Each structure stands twice: as C-alpha cells, then as structure tokens.
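Next up, structure15.pdb (PDB, C-alpha atoms):
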```
ATOM      1  CA  MET A 255       0.000   0.000   0.000
ATOM      2  CA  GLN A 256       2.797   2.418   0.892
ATOM      3  CA  ARG A 257       4.526   1.680  -2.434
ATOM      4  CA  ARG A 258       1.383   2.601  -4.337
ATOM      5  CA  ILE A 259       1.087   5.896  -2.453
ATOM      6  CA  VAL A 260       4.729   6.761  -3.150
ATOM      7  CA  ALA A 261       4.333   5.863  -6.851
ATOM      8  CA  SER A 262       1.242   8.035  -7.105
ATOM      9  CA  LEU A 263       3.017  10.978  -5.504
ATOM     10  CA  LEU A 264       5.914  10.608  -7.923
ATOM     11  CA  ALA A 265       3.636  10.318 -10.954
ATOM     12  CA  LEU A 266       1.575  13.403 -10.109
ATOM     13  CA  PRO A 267       4.354  15.986 -10.724
ATOM     14  CA  LEU A 268       5.268  14.243 -13.982
ATOM     15  CA  PHE A 269       1.652  14.403 -15.091
ATOM     16  CA  LEU A 270       1.393  18.077 -14.206
ATOM     17  CA  LEU A 271       4.571  18.852 -16.109
ATOM     18  CA  ALA A 272       3.622  16.805 -19.158
ATOM     19  CA  SER A 273       0.079  18.131 -19.569
ATOM     20  CA  PRO A 274       0.916  21.763 -20.507
ATOM     21  CA  SER A 275       3.622  20.574 -22.904
ATOM     22  CA  ALA A 276       1.250  18.210 -24.691
ATOM     23  CA  SER A 277      -1.417  20.905 -24.848
ATOM     24  CA  ALA A 278       1.005  23.448 -26.327
ATOM     25  CA  GLN A 279       2.197  20.952 -28.927
ATOM     26  CA  THR A 280      -1.383  20.214 -29.997
ATOM     27  CA  THR A 281      -2.178  23.918 -30.259
ATOM     28  CA  THR A 282       0.804  24.794 -32.444
ATOM     29  CA  SER A 283       0.247  21.743 -34.648
ATOM     30  CA  SER A 284      -3.268  22.928 -35.445
ATOM     31  CA  ASN A 285      -1.911  26.424 -36.100
ATOM     32  CA  ALA A 286       0.577  24.929 -38.565
ATOM     33  CA  GLN A 287      -2.228  23.043 -40.298
ATOM     34  CA  LEU A 288      -4.240  26.227 -40.705
ATOM     35  CA  ALA A 289      -1.249  28.119 -42.089
ATOM     36  CA  LEU A 290      -0.495  25.357 -44.613
ATOM     37  CA  GLN A 291      -4.165  25.195 -45.575
ATOM     38  CA  TRP A 292      -4.245  28.943 -46.299
ATOM     39  CA  LEU A 293      -1.037  28.750 -48.316
ATOM     40  CA  GLN A 294      -2.291  25.866 -50.435
ATOM     41  CA  CYS A 295      -5.893  26.932 -50.913
ATOM     42  CA  THR A 296      -5.457  30.666 -51.487
ATOM     43  CA  GLN A 297      -1.849  31.222 -52.572
ATOM     44  CA  GLN A 298      -0.765  28.248 -54.699
ATOM     45  CA  GLN A 299      -0.864  28.860 -58.453
ATOM     46  CA  ALA A 300      -1.594  26.502 -61.331
ATOM     47  CA  ASN A 301       2.149  25.967 -61.978
ATOM     48  CA  GLY A 302       2.687  24.869 -58.365
ATOM     49  CA  GLN A 303       4.364  28.042 -57.073
ATOM     50  CA  ILE A 304       3.267  29.861 -53.942
ATOM     51  CA  GLY A 305       2.221  33.467 -54.533
ATOM     52  CA  SER A 306       1.676  35.308 -57.775
ATOM     53  CA  GLY A 307       4.091  38.228 -57.316
ATOM     54  CA  GLY A 308       7.159  39.309 -55.415
ATOM     55  CA  ASN A 309       9.595  36.397 -55.143
ATOM     56  CA  PRO A 310       7.689  33.139 -55.731
ATOM     57  CA  ILE A 311      10.839  30.974 -55.616
ATOM     58  CA  ALA A 312      11.697  32.197 -52.112
ATOM     59  CA  ARG A 313       8.115  31.942 -50.879
ATOM     60  CA  SER A 314       7.711  28.469 -52.372
ATOM     61  CA  SER A 315      10.987  27.333 -50.832
ATOM     62  CA  GLU A 316       9.898  28.515 -47.392
ATOM     63  CA  VAL A 317       6.658  26.588 -47.693
ATOM     64  CA  ALA A 318       8.611  23.443 -48.613
ATOM     65  CA  VAL A 319      10.538  23.761 -45.339
ATOM     66  CA  GLY A 320       7.232  24.095 -43.530
ATOM     67  CA  LEU A 321       5.949  20.958 -45.230
ATOM     68  CA  ALA A 322       9.085  19.092 -44.151
ATOM     69  CA  ALA A 323       8.384  20.166 -40.573
ATOM     70  CA  ALA A 324       4.899  18.686 -40.994
ATOM     71  CA  GLY A 325       6.358  15.419 -42.306
ATOM     72  CA  GLN A 326       5.141  16.064 -45.847
ATOM     73  CA  GLN A 327       6.940  16.132 -49.175
ATOM     74  CA  ALA A 328       6.603  19.154 -51.456
ATOM     75  CA  SER A 329       4.554  16.985 -53.833
ATOM     76  CA  ALA A 330       1.794  16.784 -51.188
ATOM     77  CA  MET A 331       0.808  20.412 -51.800
ATOM     78  CA  HIS A 332      -1.027  21.010 -55.055
ATOM     79  CA  THR A 333      -4.289  22.583 -56.110
ATOM     80  CA  GLY A 334      -3.984  21.571 -59.746
ATOM     81  CA  ALA A 335      -1.953  19.125 -61.810
ATOM     82  CA  THR A 336       1.445  20.628 -60.858
ATOM     83  CA  SER A 337       2.616  20.301 -57.253
ATOM     84  CA  LEU A 338       4.973  22.502 -55.278
ATOM     85  CA  ALA A 339       7.712  19.928 -55.917
ATOM     86  CA  GLY A 340       7.168  20.202 -59.668
ATOM     87  CA  TYR A 341       7.746  23.947 -59.484
ATOM     88  CA  LEU A 342      10.804  23.832 -57.218
ATOM     89  CA  THR A 343      12.672  21.216 -59.248
ATOM     90  CA  THR A 344      12.765  23.576 -62.250
ATOM     91  CA  ALA A 345      13.123  26.876 -60.344
ATOM     92  CA  VAL A 346      16.190  28.954 -61.327
ATOM     93  CA  SER A 347      17.370  32.283 -59.894
ATOM     94  CA  THR A 348      20.462  34.491 -59.990
ATOM     95  CA  ASP A 349      19.635  36.206 -56.686
ATOM     96  CA  VAL A 350      21.806  35.169 -53.743
ATOM     97  CA  GLY A 351      19.086  35.253 -51.092
ATOM     98  CA  THR A 352      16.622  33.420 -53.293
ATOM     99  CA  ASN A 353      19.139  30.653 -54.002
ATOM    100  CA  GLY A 354      19.730  30.372 -50.263
ATOM    101  CA  GLU A 355      16.021  29.763 -49.735
ATOM    102  CA  LEU A 356      15.938  27.271 -52.598
ATOM    103  CA  LEU A 357      18.908  25.381 -51.174
ATOM    104  CA  LEU A 358      17.178  25.094 -47.785
ATOM    105  CA  ALA A 359      14.068  23.724 -49.482
ATOM    106  CA  ARG A 360      15.985  21.136 -51.483
ATOM    107  CA  ALA A 361      17.928  20.105 -48.397
ATOM    108  CA  SER A 362      14.696  19.667 -46.443
ATOM    109  CA  VAL A 363      12.585  17.654 -48.888
ATOM    110  CA  ALA A 364      13.944  15.117 -51.336
ATOM    111  CA  ASP A 365      11.487  15.888 -54.143
ATOM    112  CA  ALA A 366      12.322  19.621 -54.400
ATOM    113  CA  GLY A 367      15.349  19.027 -56.659
ATOM    114  CA  PRO A 368      19.142  18.515 -56.350
ATOM    115  CA  VAL A 369      21.229  20.682 -54.022
ATOM    116  CA  ALA A 370      24.544  20.625 -55.943
ATOM    117  CA  THR A 371      23.664  23.251 -58.542
ATOM    118  CA  VAL A 372      22.298  25.747 -56.029
ATOM    119  CA  SER A 373      25.254  25.160 -53.667
ATOM    120  CA  ALA A 374      27.697  25.989 -56.462
ATOM    121  CA  GLN A 375      25.834  29.204 -57.258
ATOM    122  CA  LEU A 376      25.964  30.293 -53.611
ATOM    123  CA  GLN A 377      29.688  29.605 -53.331
ATOM    124  CA  ALA A 378      30.351  31.658 -56.462
ATOM    125  CA  ALA A 379      28.368  34.583 -55.045
ATOM    126  CA  LYS A 380      30.182  34.657 -51.684
ATOM    127  CA  GLY A 381      31.191  38.177 -50.663
ATOM    128  CA  THR A 382      34.586  39.363 -49.399
ATOM    129  CA  ASN A 383      33.322  39.481 -45.804
ATOM    130  CA  GLY A 384      31.747  36.033 -45.973
ATOM    131  CA  GLU A 385      28.205  37.323 -46.449
ATOM    132  CA  TYR A 386      25.744  35.854 -48.901
ATOM    133  CA  GLY A 387      23.447  38.834 -49.062
ATOM    134  CA  SER A 388      21.222  40.766 -46.601
ATOM    135  CA  ASP A 389      19.823  38.668 -43.397
ATOM    136  CA  ILE A 390      15.861  39.037 -42.684
ATOM    137  CA  TYR A 391      14.698  39.531 -39.028
ATOM    138  CA  SER A 392      11.363  38.189 -37.840
ATOM    139  CA  ASP A 393       9.914  36.121 -35.040
ATOM    140  CA  GLU A 394       9.780  33.103 -37.335
ATOM    141  CA  LEU A 395      13.487  33.236 -38.128
ATOM    142  CA  ALA A 396      14.296  33.948 -34.480
ATOM    143  CA  ILE A 397      12.498  30.763 -33.443
ATOM    144  CA  GLN A 398      14.362  28.746 -36.043
ATOM    145  CA  ALA A 399      17.697  30.311 -35.030
ATOM    146  CA  ILE A 400      17.204  29.361 -31.379
ATOM    147  CA  LEU A 401      16.420  25.796 -32.406
ATOM    148  CA  ALA A 402      19.294  25.598 -34.862
ATOM    149  CA  ALA A 403      21.708  26.680 -32.109
ATOM    150  CA  HIS A 404      20.256  24.022 -29.748
ATOM    151  CA  LEU A 405      19.487  26.710 -27.165
ATOM    152  CA  GLU A 406      15.969  25.477 -26.385
ATOM    153  CA  SER A 407      17.359  23.283 -23.563
ATOM    154  CA  ASP A 408      18.559  26.407 -21.727
ATOM    155  CA  ALA A 409      15.897  27.736 -19.331
ATOM    156  CA  GLY A 410      16.351  31.384 -20.306
ATOM    157  CA  TRP A 411      16.310  30.748 -24.033
ATOM    158  CA  ASN A 412      13.388  28.351 -23.734
ATOM    159  CA  THR A 413      11.340  31.159 -22.164
ATOM    160  CA  LYS A 414      12.243  33.462 -25.072
ATOM    161  CA  LEU A 415      11.287  30.694 -27.485
ATOM    162  CA  ASP A 416       7.883  30.255 -25.853
ATOM    163  CA  GLN A 417       7.280  34.010 -25.853
ATOM    164  CA  ALA A 418       8.138  34.338 -29.526
ATOM    165  CA  GLN A 419       5.888  31.426 -30.431
ATOM    166  CA  SER A 420       3.006  32.768 -28.329
ATOM    167  CA  TYR A 421       3.328  36.122 -30.075
ATOM    168  CA  LEU A 422       3.286  34.405 -33.465
ATOM    169  CA  VAL A 423       0.142  32.456 -32.538
ATOM    170  CA  GLY A 424      -1.491  35.756 -31.574
ATOM    171  CA  GLN A 425      -0.788  37.170 -35.047
ATOM    172  CA  GLN A 426      -2.628  34.361 -36.844
ATOM    173  CA  ILE A 427      -5.941  35.396 -38.402
ATOM    174  CA  ALA A 428      -8.737  33.390 -36.785
ATOM    175  CA  SER A 429     -11.623  33.684 -39.245
ATOM    176  CA  GLY A 430     -12.681  34.912 -42.647
ATOM    177  CA  ALA A 431     -11.180  34.344 -46.078
ATOM    178  CA  ASP A 432      -7.610  34.661 -44.724
ATOM    179  CA  ALA A 433      -8.069  32.391 -41.692
ATOM    180  CA  GLY A 434      -4.714  30.739 -40.895
ATOM    181  CA  ALA A 435      -2.575  33.484 -42.423
ATOM    182  CA  ILE A 436      -0.246  35.641 -40.331
ATOM    183  CA  ALA A 437      -1.427  39.238 -40.203
ATOM    184  CA  ASN A 438       1.065  41.644 -41.757
ATOM    185  CA  ALA A 439       0.557  45.122 -43.195
ATOM    186  CA  TYR A 440       3.145  44.541 -45.919
ATOM    187  CA  SER A 441       2.289  41.010 -47.071
ATOM    188  CA  LYS A 442       0.414  38.154 -45.403
ATOM    189  CA  LEU A 443       2.106  35.725 -47.782
ATOM    190  CA  PHE A 444       5.584  36.912 -46.792
ATOM    191  CA  ALA A 445       4.680  36.528 -43.115
ATOM    192  CA  THR A 446       3.058  33.093 -43.438
ATOM    193  CA  THR A 447       5.489  31.038 -45.523
ATOM    194  CA  ASP A 448       7.875  30.501 -42.590
ATOM    195  CA  ALA A 449       5.079  30.152 -40.028
ATOM    196  CA  PRO A 450       4.457  26.361 -40.255
ATOM    197  CA  ALA A 451       8.111  25.542 -39.551
ATOM    198  CA  ALA A 452       8.156  28.029 -36.667
ATOM    199  CA  PHE A 453       4.920  26.661 -35.176
ATOM    200  CA  LEU A 454       6.326  23.129 -35.362
ATOM    201  CA  ARG A 455       9.740  24.293 -34.077
ATOM    202  CA  ARG A 456      11.556  23.104 -37.136
ATOM    203  CA  PRO A 457      15.009  24.741 -37.571
ATOM    204  CA  LEU A 458      16.083  25.646 -41.081
ATOM    205  CA  THR A 459      19.202  23.525 -40.620
ATOM    206  CA  ALA A 460      17.209  20.306 -40.181
ATOM    207  CA  ARG A 461      17.355  17.918 -43.115
ATOM    208  CA  GLY A 462      14.643  15.557 -44.264
ATOM    209  CA  LEU A 463      11.073  15.044 -43.162
ATOM    210  CA  SER A 464       9.857  15.148 -39.601
ATOM    211  CA  GLU A 465       9.225  11.739 -38.030
ATOM    212  CA  SER A 466       5.747  12.766 -36.875
ATOM    213  CA  ALA A 467       3.586  13.842 -39.805
ATOM    214  CA  VAL A 468       0.894  16.502 -39.528
ATOM    215  CA  SER A 469      -1.965  15.985 -41.956
ATOM    216  CA  LEU A 470      -2.925  18.730 -44.392
ATOM    217  CA  LEU A 471      -6.429  20.164 -44.057
ATOM    218  CA  ALA A 472      -8.807  20.144 -46.996
ATOM    219  CA  CYS A 473      -9.680  23.443 -48.620
ATOM    220  CA  PRO A 474     -12.991  24.910 -47.450
ATOM    221  CA  ALA A 475     -15.818  24.769 -49.956
ATOM    222  CA  ALA A 476     -15.904  27.835 -52.167
ATOM    223  CA  ALA A 477     -18.877  30.130 -51.675
ATOM    224  CA  SER A 478     -21.357  30.174 -54.543
ATOM    225  CA  ALA A 479     -21.057  33.249 -56.778
ATOM    226  CA  SER A 480     -24.832  33.646 -57.029
ATOM    227  CA  PRO A 481     -26.647  32.484 -53.908
ATOM    228  CA  THR A 482     -29.718  30.321 -54.453
ATOM    229  CA  PRO A 483     -32.827  32.441 -53.868
ATOM    230  CA  HIS A 484     -35.106  31.231 -51.118
ATOM    231  CA  PRO A 485     -38.693  30.499 -52.212
ATOM    232  CA  THR A 486     -41.198  33.130 -51.151
ATOM    233  CA  PRO A 487     -43.529  31.639 -48.528
ATOM    234  CA  THR A 488     -47.168  31.419 -49.553
ATOM    235  CA  ILE A 489     -49.409  33.552 -47.371
ATOM    236  CA  ALA A 490     -53.111  32.726 -47.171
ATOM    237  CA  PRO A 491     -55.295  35.642 -48.231
ATOM    238  CA  VAL A 492     -56.988  37.521 -45.406
ATOM    239  CA  LEU A 493     -60.433  38.937 -46.008
ATOM    240  CA  ALA A 494     -61.005  42.529 -45.118
ATOM    241  CA  GLN A 495     -62.730  42.995 -41.790
ATOM    242  CA  THR A 496     -66.259  44.416 -41.889
ATOM    243  CA  GLY A 497     -68.373  45.762 -39.076
ATOM    244  CA  ALA A 498     -67.309  46.403 -35.524
ATOM    245  CA  PRO A 499     -64.780  44.049 -33.874
ATOM    246  CA  LEU A 500     -66.166  41.377 -31.594
ATOM    247  CA  ASP A 501     -66.161  42.321 -27.880
ATOM    248  CA  GLY A 502     -65.256  39.209 -25.870
ATOM    249  CA  ARG A 503     -65.923  40.664 -22.425
ATOM    250  CA  PRO A 504     -69.586  39.562 -22.171
ATOM    251  CA  LEU A 505     -68.607  36.030 -23.176
ATOM    252  CA  LEU A 506     -65.922  35.850 -20.511
ATOM    253  CA  GLY A 507     -68.355  37.181 -17.921
ATOM    254  CA  GLY A 508     -70.815  34.438 -18.823
ATOM    255  CA  PHE A 509     -68.196  31.727 -18.308
ATOM    256  CA  ALA A 510     -67.368  33.225 -14.897
ATOM    257  CA  LEU A 511     -71.020  33.105 -13.790
ATOM    258  CA  ILE A 512     -71.386  29.491 -14.907
ATOM    259  CA  ALA A 513     -68.262  28.501 -12.932
ATOM    260  CA  LEU A 514     -69.589  30.284  -9.845
ATOM    261  CA  ALA A 515     -72.953  28.539 -10.109
ATOM    262  CA  MET A 516     -71.343  25.120 -10.482
ATOM    263  CA  GLY A 517     -69.400  25.809  -7.302
ATOM    264  CA  PHE A 518     -72.573  26.430  -5.325
ATOM    265  CA  VAL A 519     -74.224  23.316  -6.745
ATOM    266  CA  LEU A 520     -71.352  20.988  -5.863
ATOM    267  CA  ARG A 521     -70.696  22.374  -2.353
ATOM    268  CA  PRO A 522     -73.592  20.529  -0.533
ATOM    269  CA  ARG A 523     -72.547  17.203  -2.066
ATOM    270  CA  ARG A 524     -69.041  17.616  -0.666
ATOM    271  CA  HIS A 525     -70.427  18.326   2.836
ATOM    272  CA  THR A 526     -72.613  15.219   2.604
ATOM    273  CA  ARG A 527     -69.698  12.974   1.638
ATOM    274  CA  SER A 528     -67.444  14.315   4.363
ATOM    275  CA  SER A 529     -70.106  13.790   7.055
TER     276      SER A 529
END
```

Exercise: express the given structure as structure tokens:
Amino acid sequence: MQRRIVASLLALPLFLLASPSASAQTTTSSNAQLALQWLQCTQQQANGQIGSGGNPIARSSEVAVGLAAAGQQASAMHTGATSLAGYLTTAVSTDVGTNGELLLARASVADAGPVATVSAQLQAAKGTNGEYGSDIYSDELAIQAILAAHLESDAGWNTKLDQAQSYLVGQQIASGADAGAIANAYSKLFATTDAPAAFLRRPLTARGLSESAVSLLACPAAASASPTPHPTPTIAPVLAQTGAPLDGRPLLGGFALIALAMGFVLRPRRHTRSS
C-alpha cells in the first residue's frame, strides 16, 4: 500500500509537467495546419508556385521547409496538376538570397530538386566578408535560429522561445477568407510562408522530413457566386374585416357566472360525503 502511495506521488508531478507541454504541442500543430491550408488553398498557383508576385521561388521554398516540418513532401501540396515539388525542381534564380532559400528547401525535402547546382551558385556569389546577401529579421526566423543553435534546452532561451511562439500564434488570423494566415501590413504571404516551420519548431538547418507527420487540411468549400434564392412563402389571403370588432368581455363574464354557479351546486354534495 505504501509503495502505491509513493508511486502516485511521484507520478503526479510528472503528469502536471507533461500536460501543458502536450497541450502546447497540440495547439501549435493545429496552427501549422491552418497556415499550410491557407497557403495551399489561397496562394498556390496553377504551376505549383506559392504566390503570384514578389519572389515566388523564395516563398515556395519557405513553404517546402514548412511541409518538411509537418512530415510532408513538397509533392503533397497542389491545387492543380502541378505540385509545389514540380515547381521547385525547375526553379532557377540568380539572386543570392533566393538561391539560399531554394537550397534550404531542397535540403529539407527530397522531391524539391538537387542541391549541388544551387550550392555551387551560392559559393560563387560569396562576398569578401563572408556574407551571402542581406539577413531578414522576424519572429519566425528567431524561433528557427534558437532551435538551430540548440538553445531550447537552456531555461532562459526556452522562455524566449515560448514568448516568440506565443506572439506568433497571436498574429494568426482566426476567421474569414484569410483564416490561418499571419497578419502583416506589408504582405500576409511573406509573413506566413515561414510560419508552419516556426509553429512546429523546425530549424532551417534540419534535413529531411519530420518523423511525426501533420496531416494537411482540406480546402474549405468555395462560396457560390450567385446564392440560391429562397422560395417566397405562400401567405393565405386575409379577407377585409367588416363591421365592428367582436367584444369578448360579455362572453368571458358568462363563463365566470357558470363557474360560480357550479361551485354552489357541488358544495352541498361535498359536505354530505365528508359527514
């Protein structure tokens, strides 16, 4: 009996510690699903790329990293015949930063294309100070940097990681046509492409698919362009009222008198029965 009590006391703190962690993981996984759903259903083009303007190679590459964090290949995301993988395998750019994004995508998912060509282009573009172009600062990249440096095991850094992720969750649009996207005055697409990997705490340096896959959500049904008109309810014709309206007060008074009379009639019978 004493052993059972001791075991229960030891298990209780472990349960209390594990519960918030499991809850947080479930929450961010669903956030990642919503972000991927928005990217696929509203931003993916017929040729497989993500976004229609700006830098589609960079945005598409970032989404591929997010898919890897969800345990999905780039070929899993498609709204038409061509998948994201089909676009990335043929993507070519002369921009240093864009090639960096493309290299990360190809290193993360096997079906995004070979890494050798992009690696050679980056090495050729290396600057005199070792830079490869301008670095971008955001909460998403900060999360991935902390993870890439293996600082999440440190108590102080883990708190910063949680704060950054909580802030990112708070920026996700909850409803409407852009539900799942990250709110941003400049570009929701730019802010959302790195969000799935950040929600799932996937560093950019990780290679290959995640061991635990997160399923992709189906696109919501598109609203009908012309809503179906509701049939007009049939209303029975009402004849016009003629004459003065009926006064119900005399009728009610008559019912009251009848009830009173019945009371007097039945009262002697009750006295007889009781005696």

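Nearest to Val372 of chain A of all the residues A:Ala467, A:Cys473, A:Ala359, A:Leu405 is A:Ala359, based on all atoms listed in the file.
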
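Across the structure, atom CA of Ala449 of chain A and atom CA of Ala289 of chain A are spaced 7.0 Å apart.
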
With a distance cut-off of 12 Å and only C-alpha atoms, select the neighbouring residues of Thr336 of chain A, excluding the residue or stretch itself and same-chain residues fewer than 6 positions from it, and output the selection as a PyMOL selection string.
chain A and resi 298-304+328-330+342-344

Expected file contents, prior selection, C-alpha atoms, as a PDB file, keeping the file's coordinate frame:
```pdb
ATOM      1  CA  GLN A 298      -0.765  28.248 -54.699  1.00  0.00           C
ATOM      2  CA  GLN A 299      -0.864  28.860 -58.453  1.00  0.00           C
ATOM      3  CA  ALA A 300      -1.594  26.502 -61.331  1.00  0.00           C
ATOM      4  CA  ASN A 301       2.149  25.967 -61.978  1.00  0.00           C
ATOM      5  CA  GLY A 302       2.687  24.869 -58.365  1.00  0.00           C
ATOM      6  CA  GLN A 303       4.364  28.042 -57.073  1.00  0.00           C
ATOM      7  CA  ILE A 304       3.267  29.861 -53.942  1.00  0.00           C
ATOM      8  CA  ALA A 328       6.603  19.154 -51.456  1.00  0.00           C
ATOM      9  CA  SER A 329       4.554  16.985 -53.833  1.00  0.00           C
ATOM     10  CA  ALA A 330       1.794  16.784 -51.188  1.00  0.00           C
ATOM     11  CA  LEU A 342      10.804  23.832 -57.218  1.00  0.00           C
ATOM     12  CA  THR A 343      12.672  21.216 -59.248  1.00  0.00           C
ATOM     13  CA  THR A 344      12.765  23.576 -62.250  1.00  0.00           C
TER      14      THR A 344
END
```

Give as an MDAnalysis selection string the residues that the PyMOL selection byres ((chain A and resi 434) around 6) matches when applied to the coordinates above.
chainID A and resid 288:289 292 426:427 433 435

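If only C-alpha atoms are the atoms counted, then among A:Ala335, A:Asp365, A:Thr413, A:Gln375 the closest residue to Ser347 of chain A is A:Gln375.
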
Rounded to one decimal in Å, what is the spacing between atom CA of Ser284 of chain A and atom CA of Asp408 of chain A?
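According to the coordinates, atom CA of Ser284 of chain A and atom CA of Asp408 of chain A are separated by 26.0 Å.
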
Name the residues in contact with Arg360 of chain A at a cut-off of 12 Å, using only C-alpha atoms, excluding same-chain residues fewer than 5 positions from it; report them as a PDB file with C-alpha atoms, in the coordinates of the input.
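Final file, result-v2.pdb:
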```pdb
ATOM      1  CA  ILE A 311      10.839  30.974 -55.616  1.00  0.00           C
ATOM      2  CA  ALA A 312      11.697  32.197 -52.112  1.00  0.00           C
ATOM      3  CA  SER A 314       7.711  28.469 -52.372  1.00  0.00           C
ATOM      4  CA  SER A 315      10.987  27.333 -50.832  1.00  0.00           C
ATOM      5  CA  GLU A 316       9.898  28.515 -47.392  1.00  0.00           C
ATOM      6  CA  VAL A 317       6.658  26.588 -47.693  1.00  0.00           C
ATOM      7  CA  ALA A 318       8.611  23.443 -48.613  1.00  0.00           C
ATOM      8  CA  VAL A 319      10.538  23.761 -45.339  1.00  0.00           C
ATOM      9  CA  LEU A 321       5.949  20.958 -45.230  1.00  0.00           C
ATOM     10  CA  ALA A 322       9.085  19.092 -44.151  1.00  0.00           C
ATOM     11  CA  GLN A 327       6.940  16.132 -49.175  1.00  0.00           C
ATOM     12  CA  ALA A 328       6.603  19.154 -51.456  1.00  0.00           C
ATOM     13  CA  LEU A 338       4.973  22.502 -55.278  1.00  0.00           C
ATOM     14  CA  ALA A 339       7.712  19.928 -55.917  1.00  0.00           C
ATOM     15  CA  TYR A 341       7.746  23.947 -59.484  1.00  0.00           C
ATOM     16  CA  LEU A 342      10.804  23.832 -57.218  1.00  0.00           C
ATOM     17  CA  THR A 343      12.672  21.216 -59.248  1.00  0.00           C
ATOM     18  CA  THR A 344      12.765  23.576 -62.250  1.00  0.00           C
ATOM     19  CA  ALA A 345      13.123  26.876 -60.344  1.00  0.00           C
ATOM     20  CA  ASN A 353      19.139  30.653 -54.002  1.00  0.00           C
ATOM     21  CA  GLY A 354      19.730  30.372 -50.263  1.00  0.00           C
ATOM     22  CA  GLU A 355      16.021  29.763 -49.735  1.00  0.00           C
ATOM     23  CA  ASP A 365      11.487  15.888 -54.143  1.00  0.00           C
ATOM     24  CA  ALA A 366      12.322  19.621 -54.400  1.00  0.00           C
ATOM     25  CA  GLY A 367      15.349  19.027 -56.659  1.00  0.00           C
ATOM     26  CA  PRO A 368      19.142  18.515 -56.350  1.00  0.00           C
ATOM     27  CA  VAL A 369      21.229  20.682 -54.022  1.00  0.00           C
ATOM     28  CA  ALA A 370      24.544  20.625 -55.943  1.00  0.00           C
ATOM     29  CA  THR A 371      23.664  23.251 -58.542  1.00  0.00           C
ATOM     30  CA  VAL A 372      22.298  25.747 -56.029  1.00  0.00           C
ATOM     31  CA  SER A 373      25.254  25.160 -53.667  1.00  0.00           C
ATOM     32  CA  LEU A 458      16.083  25.646 -41.081  1.00  0.00           C
ATOM     33  CA  THR A 459      19.202  23.525 -40.620  1.00  0.00           C
ATOM     34  CA  ALA A 460      17.209  20.306 -40.181  1.00  0.00           C
ATOM     35  CA  ARG A 461      17.355  17.918 -43.115  1.00  0.00           C
ATOM     36  CA  GLY A 462      14.643  15.557 -44.264  1.00  0.00           C
ATOM     37  CA  LEU A 463      11.073  15.044 -43.162  1.00  0.00           C
TER      38      LEU A 463
END
```

Atom CA of Leu356 of chain A to atom CA of Ala374 of chain A, distance in Å rounded to a single decimal
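We find that atom CA of Leu356 of chain A and atom CA of Ala374 of chain A lie 12.4 Å from each other.
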
Pick from A:Leu358, A:Ala476, A:Ala452, A:Ala428, whichever lies nearest to Thr282 of chain A using all atoms listed in the file
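Ranking A:Leu358, A:Ala476, A:Ala452, A:Ala428 by distance to Thr282 of chain A, first place goes to A:Ala452.
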
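Against this structure, the PyMOL selection byres ((chain A and resi 287) around 8) ends up with A:Ser283, A:Ser284, A:Asn285, A:Ala286, A:Leu288, A:Ala289, A:Leu290, A:Gln291, A:Pro450, A:Val468, A:Ser469, A:Leu470, A:Leu471.
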